[in-house]
Structures are given as structure tokens and as C-alpha cells.
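Shown next: run16.cif, given as mmCIF, C-alpha atoms.
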```cif
data_run
#
loop_
_atom_site.group_PDB
_atom_site.id
_atom_site.type_symbol
_atom_site.label_atom_id
_atom_site.label_comp_id
_atom_site.auth_asym_id
_atom_site.auth_seq_id
_atom_site.Cartn_x
_atom_site.Cartn_y
_atom_site.Cartn_z
ATOM 1 C CA GLY A 143 85.815 -87.249 -138.964
ATOM 2 C CA GLU A 144 86.309 -90.877 -138.042
ATOM 3 C CA LYS A 145 89.508 -92.262 -136.580
ATOM 4 C CA ARG A 146 90.747 -95.216 -138.627
ATOM 5 C CA LYS A 147 93.035 -97.988 -137.421
ATOM 6 C CA SER A 148 94.256 -101.054 -139.268
ATOM 7 C CA VAL A 149 93.540 -104.734 -138.659
ATOM 8 C CA SER A 150 96.683 -106.893 -138.619
ATOM 9 C CA PRO A 151 96.876 -109.722 -141.174
ATOM 10 C CA GLY A 152 96.052 -112.403 -138.581
ATOM 11 C CA ARG A 153 92.986 -112.973 -136.450
ATOM 12 C CA VAL A 154 90.936 -110.492 -134.428
ATOM 13 C CA LEU A 155 90.742 -111.537 -130.768
ATOM 14 C CA ILE A 156 88.050 -109.819 -128.698
ATOM 15 C CA ILE A 157 88.243 -110.300 -124.921
ATOM 16 C CA GLY A 158 85.460 -109.660 -122.411
ATOM 17 C CA ASP A 159 85.617 -107.855 -119.062
ATOM 18 C CA VAL A 160 89.062 -108.336 -117.484
ATOM 19 C CA HIS A 161 88.513 -106.130 -114.408
ATOM 20 C CA GLY A 162 92.152 -106.069 -113.377
ATOM 21 C CA CYS A 163 92.687 -109.840 -113.598
ATOM 22 C CA HIS A 164 96.164 -109.726 -115.155
ATOM 23 C CA PHE A 165 97.057 -113.356 -114.431
ATOM 24 C CA GLU A 166 93.986 -114.583 -116.299
ATOM 25 C CA LEU A 167 94.581 -112.137 -119.153
ATOM 26 C CA VAL A 168 98.078 -113.537 -119.708
ATOM 27 C CA GLN A 169 96.739 -117.097 -119.457
ATOM 28 C CA LEU A 170 94.032 -116.423 -122.029
ATOM 29 C CA LEU A 171 96.462 -114.794 -124.461
ATOM 30 C CA ALA A 172 98.693 -117.861 -124.162
ATOM 31 C CA LYS A 173 95.742 -120.211 -124.741
ATOM 32 C CA LEU A 174 94.805 -118.171 -127.808
ATOM 33 C CA HIS A 175 98.409 -118.378 -129.080
ATOM 34 C CA PHE A 176 98.375 -114.616 -129.505
ATOM 35 C CA SER A 177 100.952 -113.325 -131.961
ATOM 36 C CA PRO A 178 101.885 -109.895 -133.405
ATOM 37 C CA GLN A 179 99.939 -110.922 -136.501
ATOM 38 C CA ASP A 180 96.696 -110.763 -134.488
ATOM 39 C CA THR A 181 94.591 -107.729 -133.601
ATOM 40 C CA LEU A 182 93.740 -107.609 -129.893
ATOM 41 C CA VAL A 183 90.529 -105.844 -128.823
ATOM 42 C CA LEU A 184 89.222 -105.440 -125.262
ATOM 43 C CA ALA A 185 85.464 -104.995 -124.826
ATOM 44 C CA GLY A 186 85.756 -102.494 -121.977
ATOM 45 C CA ASP A 187 86.075 -102.767 -118.183
ATOM 46 C CA LEU A 188 89.700 -103.764 -118.434
ATOM 47 C CA VAL A 189 90.191 -102.248 -114.994
ATOM 48 C CA ASN A 190 88.954 -102.117 -111.386
ATOM 49 C CA LYS A 191 87.684 -104.708 -108.884
ATOM 50 C CA GLY A 192 90.564 -107.127 -109.557
ATOM 51 C CA PRO A 193 94.122 -107.075 -108.200
ATOM 52 C CA ASP A 194 96.199 -105.701 -111.102
ATOM 53 C CA SER A 195 94.449 -102.954 -113.047
ATOM 54 C CA VAL A 196 97.595 -100.956 -113.834
ATOM 55 C CA LYS A 197 99.384 -104.101 -115.056
ATOM 56 C CA CYS A 198 96.414 -104.888 -117.312
ATOM 57 C CA ILE A 199 96.538 -101.453 -118.907
ATOM 58 C CA ARG A 200 100.264 -101.708 -119.503
ATOM 59 C CA GLU A 201 99.996 -105.265 -120.858
ATOM 60 C CA VAL A 202 97.428 -104.229 -123.447
ATOM 61 C CA ARG A 203 99.353 -101.075 -124.331
ATOM 62 C CA ALA A 204 102.594 -103.042 -124.734
ATOM 63 C CA LEU A 205 100.863 -105.495 -127.081
ATOM 64 C CA GLY A 206 99.405 -102.684 -129.195
ATOM 65 C CA GLY A 207 95.906 -103.738 -128.183
ATOM 66 C CA LEU A 208 92.762 -101.759 -128.839
ATOM 67 C CA ALA A 209 89.875 -101.299 -126.431
ATOM 68 C CA VAL A 210 86.496 -99.650 -126.101
ATOM 69 C CA ARG A 211 85.475 -97.500 -123.170
ATOM 70 C CA GLY A 212 83.500 -99.145 -120.389
ATOM 71 C CA ASN A 213 81.787 -97.710 -117.347
ATOM 72 C CA HIS A 214 84.825 -98.588 -115.222
ATOM 73 C CA GLU A 215 87.183 -96.706 -117.538
ATOM 74 C CA GLU A 216 84.869 -93.714 -117.180
ATOM 75 C CA ALA A 217 84.975 -94.041 -113.397
ATOM 76 C CA THR A 218 88.753 -94.480 -113.426
ATOM 77 C CA LEU A 219 89.226 -91.170 -115.205
ATOM 78 C CA LYS A 220 86.860 -89.463 -112.766
ATOM 79 C CA PHE A 221 88.639 -90.747 -109.651
ATOM 80 C CA TYR A 222 92.079 -90.104 -111.139
ATOM 81 C CA LYS A 223 91.122 -86.449 -111.702
ATOM 82 C CA MET A 224 89.744 -86.209 -108.162
ATOM 83 C CA TRP A 225 93.012 -87.585 -106.776
ATOM 84 C CA ARG A 226 95.128 -85.220 -108.881
ATOM 85 C CA ASP A 227 92.969 -82.324 -107.698
ATOM 86 C CA GLY A 228 93.689 -83.257 -104.092
ATOM 87 C CA ALA A 229 90.323 -84.754 -103.198
ATOM 88 C CA ARG A 230 89.913 -87.909 -101.142
ATOM 89 C CA ILE A 231 88.899 -90.985 -103.115
ATOM 90 C CA PRO A 232 87.419 -94.311 -101.924
ATOM 91 C CA ALA A 233 89.973 -96.907 -100.833
ATOM 92 C CA LYS A 234 88.929 -99.316 -103.584
ATOM 93 C CA TRP A 235 89.953 -96.682 -106.159
ATOM 94 C CA GLU A 236 93.359 -95.868 -104.682
ATOM 95 C CA TRP A 237 94.994 -98.000 -107.376
ATOM 96 C CA VAL A 238 94.515 -95.069 -109.792
ATOM 97 C CA CYS A 239 97.392 -93.311 -107.982
ATOM 98 C CA GLY A 240 99.729 -95.734 -109.768
ATOM 99 C CA LEU A 241 98.680 -94.656 -113.262
ATOM 100 C CA SER A 242 101.262 -92.877 -115.401
ATOM 101 C CA LYS A 243 100.433 -89.945 -117.650
ATOM 102 C CA ALA A 244 100.732 -92.316 -120.614
ATOM 103 C CA ASP A 245 98.262 -94.728 -119.006
ATOM 104 C CA VAL A 246 95.758 -91.921 -118.449
ATOM 105 C CA ALA A 247 96.204 -90.595 -121.981
ATOM 106 C CA TRP A 248 95.501 -94.097 -123.309
ATOM 107 C CA LEU A 249 92.318 -94.342 -121.215
ATOM 108 C CA HIS A 250 91.209 -90.910 -122.454
ATOM 109 C CA SER A 251 91.727 -92.071 -126.054
ATOM 110 C CA LEU A 252 89.372 -95.048 -125.795
ATOM 111 C CA PRO A 253 86.345 -94.799 -128.101
ATOM 112 C CA PHE A 254 82.814 -95.835 -127.217
ATOM 113 C CA SER A 255 82.832 -98.330 -130.074
ATOM 114 C CA LEU A 256 85.075 -100.000 -132.631
ATOM 115 C CA LEU A 257 83.714 -100.861 -136.050
ATOM 116 C CA LEU A 258 85.251 -103.686 -138.082
ATOM 117 C CA PRO A 259 83.578 -103.251 -141.488
ATOM 118 C CA GLN A 260 85.202 -106.312 -143.085
ATOM 119 C CA TYR A 261 83.624 -108.492 -140.392
ATOM 120 C CA THR A 262 80.338 -106.547 -140.283
ATOM 121 C CA THR A 263 81.042 -106.321 -136.551
ATOM 122 C CA LEU A 264 80.806 -103.601 -133.932
ATOM 123 C CA VAL A 265 82.501 -103.823 -130.517
ATOM 124 C CA VAL A 266 80.946 -101.921 -127.605
ATOM 125 C CA HIS A 267 81.149 -102.389 -123.859
ATOM 126 C CA ALA A 268 77.501 -102.650 -122.808
ATOM 127 C CA GLY A 269 75.253 -102.560 -125.849
ATOM 128 C CA LEU A 270 72.751 -100.668 -127.957
ATOM 129 C CA LEU A 271 69.044 -99.980 -127.819
ATOM 130 C CA PRO A 272 67.230 -101.861 -130.606
ATOM 131 C CA GLY A 273 65.430 -99.469 -132.924
ATOM 132 C CA PRO A 274 67.208 -96.100 -133.028
ATOM 133 C CA PRO A 275 69.919 -95.567 -135.664
ATOM 134 C CA LEU A 276 73.463 -95.735 -134.391
ATOM 135 C CA ALA A 277 73.829 -91.971 -134.729
ATOM 136 C CA ASN A 278 70.871 -91.424 -132.390
ATOM 137 C CA GLN A 279 71.985 -93.806 -129.616
ATOM 138 C CA ASP A 280 72.430 -92.292 -126.169
ATOM 139 C CA LEU A 281 76.114 -92.614 -125.223
ATOM 140 C CA ASN A 282 75.010 -94.107 -121.903
ATOM 141 C CA ASN A 283 73.795 -97.133 -123.868
ATOM 142 C CA PHE A 284 77.339 -97.913 -125.004
ATOM 143 C CA ILE A 285 78.605 -98.259 -121.416
ATOM 144 C CA HIS A 286 75.548 -99.031 -119.243
ATOM 145 C CA ILE A 287 72.669 -100.813 -121.012
ATOM 146 C CA ARG A 288 71.779 -104.377 -120.019
ATOM 147 C CA GLU A 289 68.009 -104.776 -120.122
ATOM 148 C CA ILE A 290 65.169 -103.237 -122.081
ATOM 149 C CA GLN A 291 61.389 -103.131 -121.880
ATOM 150 C CA ARG A 292 58.542 -102.169 -124.200
ATOM 151 C CA LYS A 293 56.930 -98.754 -124.029
ATOM 152 C CA SER A 294 53.198 -98.418 -124.593
ATOM 153 C CA SER A 295 54.051 -97.402 -128.164
ATOM 154 C CA GLY A 296 55.749 -100.750 -128.723
ATOM 155 C CA GLU A 297 59.214 -99.217 -128.963
ATOM 156 C CA TRP A 298 62.028 -100.436 -126.751
ATOM 157 C CA GLN A 299 63.366 -98.365 -123.884
ATOM 158 C CA VAL A 300 66.268 -98.895 -121.508
ATOM 159 C CA MET A 301 65.263 -100.546 -118.240
ATOM 160 C CA GLN A 302 66.985 -98.832 -115.347
ATOM 161 C CA LYS A 303 69.095 -100.884 -112.947
ATOM 162 C CA GLY A 304 67.140 -102.098 -109.941
ATOM 163 C CA LYS A 305 63.753 -101.791 -111.659
ATOM 164 C CA GLY A 306 63.194 -105.529 -112.081
ATOM 165 C CA ARG A 307 64.094 -108.158 -114.655
ATOM 166 C CA GLY A 308 63.797 -107.029 -118.244
ATOM 167 C CA THR A 309 64.663 -108.374 -121.687
ATOM 168 C CA PRO A 310 68.359 -108.658 -122.630
ATOM 169 C CA TRP A 311 68.899 -105.995 -125.293
ATOM 170 C CA ALA A 312 71.045 -108.394 -127.353
ATOM 171 C CA SER A 313 68.192 -110.886 -127.734
ATOM 172 C CA GLU A 314 66.234 -108.250 -129.665
ATOM 173 C CA TRP A 315 69.109 -106.832 -131.722
ATOM 174 C CA SER A 316 68.473 -107.697 -135.378
ATOM 175 C CA GLU A 317 70.583 -105.249 -137.398
ATOM 176 C CA ASP A 318 73.145 -106.408 -139.949
ATOM 177 C CA LEU A 319 76.035 -105.396 -137.711
ATOM 178 C CA HIS A 320 76.999 -108.190 -135.328
ATOM 179 C CA VAL A 321 77.650 -106.586 -131.919
ATOM 180 C CA VAL A 322 80.267 -108.000 -129.534
ATOM 181 C CA PHE A 323 79.952 -106.704 -125.966
ATOM 182 C CA GLY A 324 80.593 -107.362 -122.266
ATOM 183 C CA HIS A 325 79.157 -105.772 -119.089
ATOM 184 C CA ASP A 326 76.582 -108.432 -118.155
ATOM 185 C CA ALA A 327 78.307 -110.987 -115.895
ATOM 186 C CA ARG A 328 75.019 -112.197 -114.443
ATOM 187 C CA ARG A 329 73.959 -113.644 -117.786
ATOM 188 C CA GLY A 330 77.418 -114.929 -118.653
ATOM 189 C CA LEU A 331 78.206 -115.980 -122.203
ATOM 190 C CA GLN A 332 75.445 -114.748 -124.517
ATOM 191 C CA MET A 333 75.231 -116.013 -128.077
ATOM 192 C CA TYR A 334 72.439 -114.513 -130.160
ATOM 193 C CA PRO A 335 72.103 -114.388 -133.958
ATOM 194 C CA HIS A 336 73.285 -110.765 -134.128
ATOM 195 C CA ALA A 337 75.123 -110.218 -130.825
ATOM 196 C CA THR A 338 77.654 -112.004 -128.619
ATOM 197 C CA GLY A 339 78.241 -111.185 -124.939
ATOM 198 C CA LEU A 340 81.635 -112.086 -123.454
ATOM 199 C CA ASP A 341 81.426 -111.077 -119.783
ATOM 200 C CA THR A 342 81.706 -114.378 -117.939
ATOM 201 C CA GLY A 343 82.529 -112.964 -114.513
ATOM 202 C CA CYS A 344 86.273 -113.562 -114.265
ATOM 203 C CA VAL A 345 86.691 -111.171 -111.337
ATOM 204 C CA TYR A 346 83.951 -113.070 -109.439
ATOM 205 C CA GLY A 347 85.696 -116.416 -109.868
ATOM 206 C CA GLY A 348 84.112 -117.245 -113.226
ATOM 207 C CA HIS A 349 85.992 -117.253 -116.528
ATOM 208 C CA LEU A 350 87.753 -114.821 -118.827
ATOM 209 C CA THR A 351 86.390 -115.303 -122.326
ATOM 210 C CA ALA A 352 87.391 -114.292 -125.844
ATOM 211 C CA CYS A 353 85.892 -114.707 -129.283
ATOM 212 C CA VAL A 354 88.000 -115.252 -132.388
ATOM 213 C CA LEU A 355 87.378 -113.689 -135.784
ATOM 214 C CA PRO A 356 89.407 -115.531 -138.453
ATOM 215 C CA PRO A 357 91.949 -113.834 -140.722
ATOM 216 C CA LEU A 358 90.789 -111.868 -143.729
ATOM 217 C CA PRO A 359 89.632 -112.326 -146.396
ATOM 218 C CA LEU A 360 86.608 -113.692 -144.601
ATOM 219 C CA SER A 361 85.165 -116.421 -146.787
ATOM 220 C CA TYR A 362 82.165 -117.345 -144.662
ATOM 221 C CA LEU A 363 79.689 -116.301 -142.055
ATOM 222 C CA HIS A 364 77.890 -118.689 -139.724
ATOM 223 C CA LYS A 365 74.281 -117.537 -139.895
ATOM 224 C CA GLY A 366 75.529 -113.963 -140.237
ATOM 225 C CA ASN A 367 77.992 -114.382 -137.365
ATOM 226 C CA PRO A 368 81.716 -113.861 -138.139
ATOM 227 C CA ILE A 369 82.918 -115.556 -134.928
ATOM 228 C CA SER A 370 84.743 -118.838 -135.522
ATOM 229 C CA GLU A 371 85.632 -119.794 -131.947
ATOM 230 C CA ILE A 372 84.961 -119.054 -128.257
ATOM 231 C CA VAL A 373 87.908 -119.590 -125.875
ATOM 232 C CA SER A 374 88.025 -119.136 -122.087
ATOM 233 C CA VAL A 375 90.194 -119.688 -119.013
ATOM 234 C CA LYS A 376 89.045 -120.280 -115.434
ATOM 235 C CA ALA A 377 89.708 -117.521 -112.919
ATOM 236 C CA GLY A 378 92.534 -118.285 -110.510
ATOM 237 C CA SER A 379 90.540 -116.837 -107.634
ATOM 238 C CA SER A 380 87.452 -114.850 -106.739
ATOM 239 C CA TYR A 381 88.597 -111.243 -106.342
ATOM 240 C CA ALA A 382 85.300 -109.464 -105.759
ATOM 241 C CA THR A 383 81.733 -110.072 -104.665
ATOM 242 C CA PRO A 384 79.061 -109.446 -107.302
ATOM 243 C CA SER A 385 76.516 -106.793 -106.448
ATOM 244 C CA LEU A 386 73.761 -108.866 -108.048
ATOM 245 C CA ASP A 387 72.955 -112.562 -107.769
ATOM 246 C CA ILE A 388 74.849 -114.272 -110.588
ATOM 247 C CA ASP A 389 73.499 -117.606 -111.725
ATOM 248 C CA ASP A 390 75.536 -118.943 -114.590
ATOM 249 C CA ILE A 391 78.967 -117.331 -114.739
ATOM 250 C CA PHE A 392 80.664 -120.188 -112.922
ATOM 251 C CA LYS A 393 79.794 -122.668 -115.659
ATOM 252 C CA GLU A 394 82.625 -122.934 -118.157
ATOM 253 C CA PRO A 395 81.671 -121.463 -121.547
ATOM 254 C CA GLN A 396 81.845 -124.184 -124.145
ATOM 255 C CA LYS A 397 84.542 -123.822 -126.778
ATOM 256 C CA LYS A 398 82.664 -123.776 -130.067
ATOM 257 C CA LEU A 399 83.900 -124.074 -133.628
ATOM 258 C CA LEU A 400 81.501 -122.697 -136.192
ATOM 259 C CA SER A 401 81.481 -124.509 -139.495
ATOM 260 C CA PRO A 402 82.312 -122.482 -142.644
ATOM 261 C CA ASN A 403 79.112 -123.347 -144.416
ATOM 262 C CA LYS A 404 77.826 -120.039 -145.642
ATOM 263 C CA LYS A 405 79.310 -117.558 -148.097
ATOM 264 C CA ARG A 406 79.748 -114.013 -146.874
ATOM 265 C CA PRO A 407 77.079 -111.771 -148.377
ATOM 266 C CA LEU A 408 77.697 -108.270 -149.611
ATOM 267 C CA LEU A 409 76.950 -105.614 -147.043
ATOM 268 C CA SER A 410 73.358 -104.507 -147.301
ATOM 269 C CA LEU A 411 72.369 -100.910 -147.834
ATOM 270 C CA ALA A 412 71.296 -100.741 -144.191
ATOM 271 C CA THR A 413 74.768 -101.757 -143.032
ATOM 272 C CA SER A 414 76.409 -99.269 -145.386
ATOM 273 C CA VAL A 415 74.257 -96.507 -143.958
ATOM 274 C CA LEU A 416 75.114 -97.572 -140.412
ATOM 275 C CA GLN A 417 78.805 -97.479 -141.266
ATOM 276 C CA ALA A 418 78.494 -94.045 -142.836
ATOM 277 C CA ILE A 419 76.773 -92.513 -139.811
ATOM 278 C CA HIS A 420 79.299 -94.170 -137.516
ATOM 279 C CA ALA A 421 81.897 -91.500 -138.350
ATOM 280 C CA PHE A 422 82.000 -89.738 -134.998
ATOM 281 C CA LEU A 423 85.078 -88.590 -133.122
ATOM 282 C CA ILE A 424 83.868 -90.793 -130.254
ATOM 283 C CA HIS A 425 84.023 -93.963 -132.343
ATOM 284 C CA ASP A 426 86.820 -95.764 -134.182
ATOM 285 C CA VAL A 427 86.811 -97.691 -137.457
ATOM 286 C CA ILE A 428 89.279 -100.540 -137.948
ATOM 287 C CA THR A 429 90.278 -101.087 -141.564
ATOM 288 C CA SER A 430 92.386 -103.800 -143.186
ATOM 289 C CA THR A 431 95.997 -103.179 -144.161
#
```

Step by step, read the file and then write its structure as C-alpha cells.
Amino acid sequence: GEKRKSVSPGRVLIIGDVHGCHFELVQLLAKLHFSPQDTLVLAGDLVNKGPDSVKCIREVRALGGLAVRGNHEEATLKFYKMWRDGARIPAKWEWVCGLSKADVAWLHSLPFSLLLPQYTTLVVHAGLLPGPPLANQDLNNFIHIREIQRKSSGEWQVMQKGKGRGTPWASEWSEDLHVVFGHDARRGLQMYPHATGLDTGCVYGGHLTACVLPPLPLSYLHKGNPISEIVSVKAGSSYATPSLDIDDIFKEPQKKLLSPNKKRPLLSLATSVLQAIHAFLIHDVITST
């Protein structure tokens, strides 16, 4: 069955890849005027590369925040197990030795996606392959996908890393569910009709970025997009060197207010079906109180 959690009566605040940048996380929460009335969601890769991964985990846990699993959470659990089993681990992963059992249990509990039905929104770390139903998506898509390319049949397929420049998956996503994701610092802030990417390269000296979903009941959508605001803070330092050439992450994402000019439509049959098949143990559904 599905695991259900409740949305607080305030806003939903979704934050992109933190990568251990605790100082910037605290700054962004202050800029957002975060309160216990809000629901905090992290779009994966909360940890690693930056200076304070353990502090980031404990900050989010202390605030009752939710998160989806990213590729760096997966790697954290792998290296933590190696360390506990007595194996040597790379120096850059030695921070996992500071994790408590409660920290590790929290990481193990992270789902691959969070569904917010009232906002017609799905939060994942990396993305989804356009075309296949949610139930048929490869789990690797949720934590690894960035680019796609056409097969000879015309269907989309995942483009493997290092195989050239492909099409951003989010630019071709056209389902009713609006997907909020991270994972793609090279492209920076991505704002498409049906998907929003929040990884703006904080750990590389860029920005830490959040999107704001207004309190329920939601009275409007902006062209099918429930996001009312984009908020970011500049990184205090550059903590890591990107493995790929990053073009745009050092440009500050513009803070945008979306006008409430469109009534929220009823969920379509397609969305209802997607929500129904989303009831996996590996995914969470966030309901209203």
C-alpha cells in the first residue's frame, strides 16, 4: 500500500539540491520565513560534496521536513554500510562515520517520489522518462535521468551520461502532474509548462533555490503550474568543482510571482489513473489535514 503523510495548513516549500551546504539551507529557510505551518520538502541530494552533510540531515529532521531519495542518498547508504562492515571508504565519504542510527534510518525511509495530489504535483530527484506510465518507470530514472533522445521508433529513451548532449527530459514532459526535481546543476533553474528544476549549483558556488506552493485550498493554477514563487540565496562559497562544464548556475535565478489568473481545473482521468498507480511502497503520498 501507499504511505500517506499530511500537508501542514501553510505553504509547501520545495528546496533543490543542498549537497551539505547547511549555512545556505538555514539562510534560505530564513528568507522563506519558514514556520511550523509550512511543509518542507527536499528534492534529493541533501548530502555530500559540501561541508556539513550531517548537520543538513539533522536540520531537516528537526524541522519535520520530508525528502525524496537522490543518487547521493543512495551512495551515502552504500558507503555507510561499507564502513560499518569494516571496509575502507574514499576520503570524501568519511563524513558518513558521523551519522547516527537515527540519521541512517531516516535516509533509508526516503521514498523515490512524493505525490501532492491537491497540487497535482510530484516531487522526484532527477526526473521521469516521457511516455511510460508512472508504474512502468525504471527506478533509475527517479535518481539519475537528465537527458533523453529519440529511438528509431520515435519513443524517448534515456541518454546515458557522457554520450553527448541530449534533450532535457523535462522539456518533453507533458502529463497532468507537474514534476518538481533537482539533479541538473549544469542547466540551472528550469521552468517548463509541466516541470520545474531547482538545482542551481549551490555547492559549486551558485545558488540554493526553492519553489513555493501556496496554502490550500488552491484557488488557481498558472498555466497548469501550482508554483507561486521562486526564491534563492547565493552560496557563501564554492565547496566543490563540478565534473561537467556548468554554464548558467552562477546567474541568480529570478524571483517570480505568478499571477492568480486561472481557476484550478478538476483532475483529469489521466491524473487520477496516475495517482492510483502511484501506490507503491517506494513512493509517498502527501494528503491535506

request  = Any chance you could resolve the PyMOL selection byres ((chain A and resi 325) around 6) against this file and give the residues as a PyMOL selection string?
outcome  = chain A and resi 268+324+326+341

message = So that I can see what lies close to Pro357 (chain A), please list as a list in words the residues with an atom at most 9 Å from it, counting only C-alpha atoms and leaving out residues fewer than 5 positions away in the same chain.
response =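 Non-adjacent residues within range: Ser150, Pro151, Gly152, Arg153, Val154 and Asp180 of chain A.
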
inquiry  = Residues within 12 Å of His175 (chain A), please, as a PyMOL selection string. Count only C-alpha atoms; anything in the same chain fewer than 3 positions from it doesn't count.
reply    = chain A and resi 152-153+155+168-172+178-180+182+354+373

note = The distance between CA of Cys353 (chain A) and CA of Ala244 (chain A) is 28.2 Å

ask   = Between A:Leu358, A:Cys344, A:Ile369, A:Ala185, which is the closest to Thr383 (chain A) once you count only C-alpha atoms?
value = A:Cys344

query = Closest to Val427 (chain A) among A:Thr342, A:Gly308, A:Leu208, A:Asp245, using all atoms listed in the file?
reply =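 Ranking A:Thr342, A:Gly308, A:Leu208, A:Asp245 by distance to Val427 (chain A), first place goes to A:Leu208.
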
task = Select, from A:Arg203, A:Lys223, A:Arg307, A:Arg211, the residue with the minimum atom-to-atom distance to Asp159 (chain A), counting only C-alpha atoms.
result =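 Checking each of A:Arg203, A:Lys223, A:Arg307, A:Arg211 against Asp159 (chain A), counting only C-alpha atoms, the winner is A:Arg211.
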
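CA of Ser374 (chain A) to CA of Gly162 (chain A) spans 16.2 Å [interatomic distance, one decimal].
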
Take the PyMOL selection byres ((chain A and resi 314-321) around 9), run it mentally on this structure, and tell me the resulting residues as an mmCIF file with C-alpha atoms, keeping the file's coordinate frame.
```
data_model
loop_
_atom_site.group_PDB
_atom_site.id
_atom_site.type_symbol
_atom_site.label_atom_id
_atom_site.label_comp_id
_atom_site.auth_asym_id
_atom_site.auth_seq_id
_atom_site.Cartn_x
_atom_site.Cartn_y
_atom_site.Cartn_z
ATOM 1 C CA PRO A 259 83.578 -103.251 -141.488
ATOM 2 C CA TYR A 261 83.624 -108.492 -140.392
ATOM 3 C CA THR A 262 80.338 -106.547 -140.283
ATOM 4 C CA THR A 263 81.042 -106.321 -136.551
ATOM 5 C CA LEU A 264 80.806 -103.601 -133.932
ATOM 6 C CA VAL A 265 82.501 -103.823 -130.517
ATOM 7 C CA VAL A 266 80.946 -101.921 -127.605
ATOM 8 C CA GLY A 269 75.253 -102.560 -125.849
ATOM 9 C CA LEU A 270 72.751 -100.668 -127.957
ATOM 10 C CA LEU A 271 69.044 -99.980 -127.819
ATOM 11 C CA PRO A 272 67.230 -101.861 -130.606
ATOM 12 C CA GLY A 273 65.430 -99.469 -132.924
ATOM 13 C CA THR A 309 64.663 -108.374 -121.687
ATOM 14 C CA PRO A 310 68.359 -108.658 -122.630
ATOM 15 C CA TRP A 311 68.899 -105.995 -125.293
ATOM 16 C CA ALA A 312 71.045 -108.394 -127.353
ATOM 17 C CA SER A 313 68.192 -110.886 -127.734
ATOM 18 C CA VAL A 322 80.267 -108.000 -129.534
ATOM 19 C CA PHE A 323 79.952 -106.704 -125.966
ATOM 20 C CA TYR A 334 72.439 -114.513 -130.160
ATOM 21 C CA PRO A 335 72.103 -114.388 -133.958
ATOM 22 C CA HIS A 336 73.285 -110.765 -134.128
ATOM 23 C CA ALA A 337 75.123 -110.218 -130.825
ATOM 24 C CA THR A 338 77.654 -112.004 -128.619
ATOM 25 C CA GLY A 339 78.241 -111.185 -124.939
ATOM 26 C CA GLY A 366 75.529 -113.963 -140.237
ATOM 27 C CA ASN A 367 77.992 -114.382 -137.365
ATOM 28 C CA PRO A 368 81.716 -113.861 -138.139
ATOM 29 C CA LEU A 409 76.950 -105.614 -147.043
ATOM 30 C CA SER A 410 73.358 -104.507 -147.301
ATOM 31 C CA ALA A 412 71.296 -100.741 -144.191
ATOM 32 C CA THR A 413 74.768 -101.757 -143.032
ATOM 33 C CA LEU A 416 75.114 -97.572 -140.412
#
```

request  = I would like the residues chosen by the PyMOL selection byres ((chain A and resi 225-227) around 12) on the shown file; could you give them as a list in words?
outcome  =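 Taken over the shown coordinates, the PyMOL selection byres ((chain A and resi 225-227) around 12) returns Thr218, Leu219, Lys220, Phe221, Tyr222, Lys223, Met224, Gly228, Ala229, Arg230, Ile231, Pro232, Ala233, Trp235, Glu236, Trp237, Val238, Cys239, Gly240, Leu241, Ser242, Lys243 and Val246 of chain A.
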
query = So how many Å separate CA of Lys173 (chain A) and CA of Ile156 (chain A), to one decimal?
reply = 13.5 Å

Would you mind writing region 173-177 of chain A with all heavy atoms, as a CSV table (one decimal), in the frame of the given file?
```csv
chain,number,residue,atom,x,y,z
A,173,LYS,N,96.6,-119.2,-124.2
A,173,LYS,CA,95.7,-120.2,-124.7
A,173,LYS,C,95.3,-119.9,-126.2
A,173,LYS,O,95.1,-120.8,-127.0
A,173,LYS,CB,94.5,-120.3,-123.8
A,173,LYS,CG,93.6,-121.5,-124.2
A,173,LYS,CD,92.6,-121.7,-123.1
A,173,LYS,CE,91.7,-122.9,-123.4
A,173,LYS,NZ,90.7,-123.2,-122.3
A,174,LEU,N,95.2,-118.6,-126.5
A,174,LEU,CA,94.8,-118.2,-127.8
A,174,LEU,C,96.0,-118.2,-128.8
A,174,LEU,O,95.8,-118.0,-130.0
A,174,LEU,CB,94.3,-116.7,-127.8
A,174,LEU,CG,92.9,-116.6,-127.1
A,174,LEU,CD1,92.6,-115.1,-126.7
A,174,LEU,CD2,91.8,-117.0,-128.1
A,175,HIS,N,97.2,-118.4,-128.3
A,175,HIS,CA,98.4,-118.4,-129.1
A,175,HIS,C,98.5,-117.0,-129.8
A,175,HIS,O,98.8,-116.9,-131.0
A,175,HIS,CB,98.4,-119.5,-130.1
A,175,HIS,CG,98.3,-120.9,-129.5
A,175,HIS,ND1,99.3,-121.5,-128.7
A,175,HIS,CD2,97.3,-121.8,-129.5
A,175,HIS,CE1,98.9,-122.7,-128.3
A,175,HIS,NE2,97.7,-122.9,-128.7
A,176,PHE,N,98.3,-116.0,-129.0
A,176,PHE,CA,98.4,-114.6,-129.5
A,176,PHE,C,99.7,-114.3,-130.1
A,176,PHE,O,100.8,-114.7,-129.6
A,176,PHE,CB,98.1,-113.6,-128.4
A,176,PHE,CG,98.3,-112.2,-128.8
A,176,PHE,CD1,97.4,-111.5,-129.6
A,176,PHE,CD2,99.5,-111.5,-128.5
A,176,PHE,CE1,97.6,-110.2,-130.0
A,176,PHE,CE2,99.7,-110.2,-128.8
A,176,PHE,CZ,98.7,-109.5,-129.6
A,177,SER,N,99.7,-113.7,-131.3
A,177,SER,CA,101.0,-113.3,-132.0
A,177,SER,C,100.8,-111.9,-132.5
A,177,SER,O,99.7,-111.4,-132.6
A,177,SER,CB,101.2,-114.3,-133.1
A,177,SER,OG,100.5,-113.9,-134.3
```
